Amino acid sequence: MIEFPNAKINLGLRVLHKRPDGYHDIESIFLPVPWCDNLEIIQNKSTDKITWKNYGLNIHGNPNDNLISKAYNLLDKDFSLPPVNINLLKQIPMGAGMGGGSSNAAFALKAFNNIFNLSLNDAQLMQCASQLGADCSFFIQNKPAAVHGIGDKISIIDFKWPCNYIYIVYPPYHINTADAYKNMIPKDIYDTTLIELIKQPIQIWKDTIFNDFENYAFSIYPEILALKNKIYNSGALYASMTGSGSAVYGFFDNKEHIDLPKNYNCKWLEIKPAKGRR
């Protein structure tokens with residue numbers, strides 16, 4: 001079975017109060033976008049439970065610590081899964097705030113469920129996904145959603161894309177998520193929810209919808225702020241960093257030439273046909 005785990009972007013990201021368990025509650029809009037990895041899972045007769053091959057972007061570390069392996073091991077406890085070959089063509093940048101690892105895990109759960117006829121419904125798969133990572137549950141349904149809690153409370157929304165294209169740029173600057181949270185000053189109370197703000201014309205989003213991690217990211221890497229400004233100056237209707245960074249995206253009506261350094265990973269993603277343009 002071949003799956004195409006896709007990335008996500010954050011439309012607005014608010015960091016709220018710190019919880020007793022050490023995590024922070026957030027408020028955000030998650031949007032799936034068509035920047036995809038290729039994940040192939042094949043049942044085999046090997047004595048090894050998991051046989052790994054990684055292509056494309058290199059995944060560092062022990063393959064057994066990968067979220068796909070953890071997804072397999074989680075289900076294996078209850079269902080004694082047969083051995084599998086896993087081939088992953090990694091194309092979604094890692095450490096970019098695009099949820100690539102979480103997406104891989106969620107799509108793996110869905111693939112194992114189908115391959116081995118486990119008969120788990122979405123609610124059960126989401127419960128499994130929540131044990132693997134905060135963002136993983138989102139990718140089970142993989143639809144635009146309002147997200148709360150630590151990223152595990154998901155409400156599907158009717159989102160109408162206000163653009164024809166998204167331009168996503170991953171610059172070569174790593175932002176440690178734990179450090180980003182440590183340098184965050186949470187704000188519990190907002191006058192208006194993100195759900196209400198995205199109903200407003202996109203022309204005012206620049207002044208109303210923010211990613212709370214940007215101030216920290218811009219302070220340590222001014223190049224990311226310069227990148228966001230360049231995207232705006234190139235005609236973006238709206239631009240923002242996604243997640244805790246460092247990828248930055250822009251919503252565009254038309255593709256534009258944007259001159260960036262060669263070591264920036266860039267991709268135009270087509271959203272046509274735009275649905276219910278504002």
# chains A, B, ... in the order shown; residues from 1 in each chain; ligands from 1

call {"tool": "residues_around", "arguments": {"residues": "Gln141 in chain A", "least_positions_apart": "6", "cutoff": "9 Å", "atoms": "only C-alpha atoms", "output": "compact mmCIF listing (two decimals) with C-alpha atoms, in the first residue's frame"}}
result
# COMPACT_ATOMS: atom_id res chain seq x y z
CA ASP A 122 -11.64 7.41 13.09
CA MET A 126 -7.38 9.47 16.70
CA ILE A 156 -13.49 20.23 11.65

call {"tool": "residues_around", "arguments": {"residues": "Leu227 in chain A", "least_positions_apart": "5", "cutoff": "10 Å", "atoms": "only C-alpha atoms", "output": "list in words"}}
result
Val169, Tyr170, Pro171, Pro222, Tyr232, Asn233, Ala239, Ser240, Met241, Ala247, Val248, Tyr249 and Leu260 of chain A

call {"tool": "write_last_selection", "arguments": {"atoms": "N, CA and C atoms", "output": "PDB file, in the first residue's frame"}}
result
ATOM      1  N   VAL A 169       8.156  28.321   2.009  1.00  0.00           N
ATOM      2  CA  VAL A 169       9.615  28.396   1.985  1.00  0.00           C
ATOM      3  C   VAL A 169      10.153  27.896   3.318  1.00  0.00           C
ATOM      4  N   TYR A 170      11.076  26.938   3.240  1.00  0.00           N
ATOM      5  CA  TYR A 170      11.758  26.457   4.439  1.00  0.00           C
ATOM      6  C   TYR A 170      13.208  26.925   4.377  1.00  0.00           C
ATOM      7  N   PRO A 171      13.565  27.950   5.157  1.00  0.00           N
ATOM      8  CA  PRO A 171      14.947  28.429   5.166  1.00  0.00           C
ATOM      9  C   PRO A 171      15.802  27.526   6.066  1.00  0.00           C
ATOM     10  N   PRO A 222      16.812  37.031  12.198  1.00  0.00           N
ATOM     11  CA  PRO A 222      16.175  38.137  11.451  1.00  0.00           C
ATOM     12  C   PRO A 222      15.923  37.779   9.989  1.00  0.00           C
ATOM     13  N   TYR A 232       5.557  39.094   1.350  1.00  0.00           N
ATOM     14  CA  TYR A 232       4.537  40.145   1.258  1.00  0.00           C
ATOM     15  C   TYR A 232       4.833  41.096   0.102  1.00  0.00           C
ATOM     16  N   ASN A 233       6.077  41.506  -0.029  1.00  0.00           N
ATOM     17  CA  ASN A 233       6.447  42.455  -1.078  1.00  0.00           C
ATOM     18  C   ASN A 233       6.299  41.862  -2.471  1.00  0.00           C
ATOM     19  N   ALA A 239       0.731  36.337   4.792  1.00  0.00           N
ATOM     20  CA  ALA A 239       1.935  35.552   5.010  1.00  0.00           C
ATOM     21  C   ALA A 239       2.140  35.321   6.495  1.00  0.00           C
ATOM     22  N   SER A 240       2.737  34.175   6.818  1.00  0.00           N
ATOM     23  CA  SER A 240       2.971  33.846   8.223  1.00  0.00           C
ATOM     24  C   SER A 240       3.994  32.728   8.323  1.00  0.00           C
ATOM     25  N   MET A 241       4.650  32.659   9.470  1.00  0.00           N
ATOM     26  CA  MET A 241       5.415  31.476   9.809  1.00  0.00           C
ATOM     27  C   MET A 241       4.426  30.400  10.257  1.00  0.00           C
ATOM     28  N   ALA A 247       9.515  27.393   8.690  1.00  0.00           N
ATOM     29  CA  ALA A 247       8.910  27.589   7.373  1.00  0.00           C
ATOM     30  C   ALA A 247       7.950  28.772   7.387  1.00  0.00           C
ATOM     31  N   VAL A 248       7.924  29.498   6.291  1.00  0.00           N
ATOM     32  CA  VAL A 248       7.041  30.653   6.116  1.00  0.00           C
ATOM     33  C   VAL A 248       6.238  30.435   4.842  1.00  0.00           C
ATOM     34  N   TYR A 249       4.960  30.793   4.883  1.00  0.00           N
ATOM     35  CA  TYR A 249       4.108  30.615   3.698  1.00  0.00           C
ATOM     36  C   TYR A 249       3.423  31.926   3.340  1.00  0.00           C
ATOM     37  N   LEU A 260      15.132  33.967  -4.069  1.00  0.00           N
ATOM     38  CA  LEU A 260      15.585  33.562  -2.742  1.00  0.00           C
ATOM     39  C   LEU A 260      16.890  32.785  -2.859  1.00  0.00           C
TER      40      LEU A 260
END

call {"tool": "closest_residue", "arguments": {"among": "A:Lys18, A:Lys45, A:Lys90, A:Lys255", "to": "Ile59 in chain A", "atoms": "only C-alpha atoms"}}
result
A:Lys90

call {"tool": "atom_distance", "arguments": {"atom1": "CA of Lys267 in chain A", "atom2": "CA of Asn254 in chain A"}}
result
13.7 Å

call {"tool": "closest_residue", "arguments": {"among": "A:Ile166, A:Lys53, A:Ala71, A:Ala145", "to": "Trp35 in chain A", "atoms": "only C-alpha atoms"}}
result
A:Ile166

call {"tool": "atom_distance", "arguments": {"atom1": "CA of Gly250 in chain A", "atom2": "CA of Lys228 in chain A"}}
result
8.1 Å

call {"tool": "residues_around", "arguments": {"residues": "Ala105 in chain A", "least_positions_apart": "6", "cutoff": "9 Å", "atoms": "only C-alpha atoms", "output": "list in words"}}
result
Pro5, Asn66, Leu67, Ile68, Ser69, Lys70, Ala71, Tyr72, Ala129, Leu132, Gly133, Cys136 and Phe139 of chain A

call {"tool": "write_last_selection", "arguments": {"atoms": "C-alpha atoms", "output": "mmCIF file, in the first residue's frame"}}
result
data_model
loop_
_atom_site.group_PDB
_atom_site.id
_atom_site.type_symbol
_atom_site.label_atom_id
_atom_site.label_comp_id
_atom_site.auth_asym_id
_atom_site.auth_seq_id
_atom_site.Cartn_x
_atom_site.Cartn_y
_atom_site.Cartn_z
ATOM 1 C CA PRO A 5 1.205 11.871 3.926
ATOM 2 C CA ASN A 66 10.669 7.084 14.183
ATOM 3 C CA LEU A 67 6.971 7.874 14.660
ATOM 4 C CA ILE A 68 6.027 5.359 11.954
ATOM 5 C CA SER A 69 7.771 2.601 13.927
ATOM 6 C CA LYS A 70 6.076 3.825 17.085
ATOM 7 C CA ALA A 71 2.699 3.687 15.311
ATOM 8 C CA TYR A 72 3.387 0.086 14.303
ATOM 9 C CA ALA A 129 -2.584 9.006 17.227
ATOM 10 C CA LEU A 132 2.207 9.426 19.416
ATOM 11 C CA GLY A 133 2.229 13.228 19.308
ATOM 12 C CA CYS A 136 -0.909 13.396 14.968
ATOM 13 C CA PHE A 139 -4.030 13.980 10.193
#

call {"tool": "atom_distance", "arguments": {"atom1": "CA of Glu3 in chain A", "atom2": "CA of Ile41 in chain A"}}
result
8.4 Å

call {"tool": "select_by_dssp", "arguments": {"residues": "range 81-278 of chain A", "states": "strand (DSSP E or B)", "output": "VMD selection string"}}
result
chain A and resid 84 to 90 145 to 148 153 to 156 165 to 170 211 238 to 241 248 to 252 265 to 270

call {"tool": "write_last_selection", "arguments": {"atoms": "C-alpha atoms", "output": "tab-separated table (two decimals), in the first residue's frame"}}
result
chain	number	residue	atom	x	y	z
A	84	VAL	CA	6.37	-5.15	7.32
A	85	ASN	CA	8.72	-3.39	4.93
A	86	ILE	CA	8.49	0.39	5.22
A	87	ASN	CA	9.81	2.57	2.40
A	88	LEU	CA	9.64	6.31	3.04
A	89	LEU	CA	10.47	8.97	0.47
A	90	LYS	CA	10.89	11.97	2.75
A	145	ALA	CA	-9.82	22.26	11.69
A	146	ALA	CA	-9.86	24.51	14.72
A	147	VAL	CA	-7.35	23.08	17.17
A	148	HIS	CA	-7.17	23.56	20.92
A	153	LYS	CA	-8.71	18.84	20.52
A	154	ILE	CA	-9.88	19.06	16.92
A	155	SER	CA	-13.05	20.52	15.42
A	156	ILE	CA	-13.49	20.23	11.65
A	165	TYR	CA	-1.75	29.24	-4.61
A	166	ILE	CA	0.32	28.80	-1.48
A	167	TYR	CA	4.05	29.45	-1.56
A	168	ILE	CA	5.96	27.71	1.24
A	169	VAL	CA	9.61	28.40	1.99
A	170	TYR	CA	11.76	26.46	4.44
A	211	ASN	CA	1.65	33.31	15.09
A	238	TYR	CA	-1.34	36.96	3.65
A	239	ALA	CA	1.94	35.55	5.01
A	240	SER	CA	2.97	33.85	8.22
A	241	MET	CA	5.41	31.48	9.81
A	248	VAL	CA	7.04	30.65	6.12
A	249	TYR	CA	4.11	30.61	3.70
A	250	GLY	CA	2.20	33.12	1.62
A	251	PHE	CA	-1.30	33.03	0.09
A	252	PHE	CA	-1.27	34.25	-3.54
A	265	ASN	CA	13.56	24.84	0.12
A	266	CYS	CA	10.63	26.40	-1.79
A	267	LYS	CA	7.44	25.03	-3.28
A	268	TRP	CA	4.38	26.47	-5.03
A	269	LEU	CA	1.20	24.55	-4.16
A	270	GLU	CA	-1.92	24.95	-6.27

call {"tool": "residues_around", "arguments": {"residues": "Cys128 in chain A", "least_positions_apart": "2", "cutoff": "12 Å", "atoms": "only C-alpha atoms", "output": "PyMOL selection string"}}
result
chain A and resi 70-78+105-110+113+120-126+130-140+152

call {"tool": "residues_around", "arguments": {"residues": "Leu197 in chain A", "least_positions_apart": "3", "cutoff": "12 Å", "atoms": "only C-alpha atoms", "output": "VMD selection string"}}
result
chain A and resid 11 to 12 28 to 29 190 to 194 200 to 210

call {"tool": "closest_residue", "arguments": {"among": "A:Lys49, A:Lys230, A:Lys187, A:His60", "to": "Ser80 in chain A", "atoms": "only C-alpha atoms"}}
result
A:Lys49

call {"tool": "select_by_dssp", "arguments": {"residues": "range 22-238 of chain A", "states": "alpha helix (DSSP H)", "output": "PyMOL selection string"}}
result
chain A and resi 67-79+100-115+122-130+138-141+177-182+194-197+214-220+222-233

call {"tool": "closest_residue", "arguments": {"among": "A:Ala236, A:Asp48, A:Ala226, A:Gly243", "to": "Pro162 in chain A", "atoms": "only C-alpha atoms"}}
result
A:Ala236

call {"tool": "closest_residue", "arguments": {"among": "A:Gln127, A:Asn62, A:Asn229, A:Ser103", "to": "Pro32 in chain A", "atoms": "only C-alpha atoms"}}
result
A:Ser103

call {"tool": "closest_residue", "arguments": {"among": "A:Ile42, A:Leu225, A:Ile185, A:Ala111", "to": "Val15 in chain A", "atoms": "only C-alpha atoms"}}
result
A:Ile185
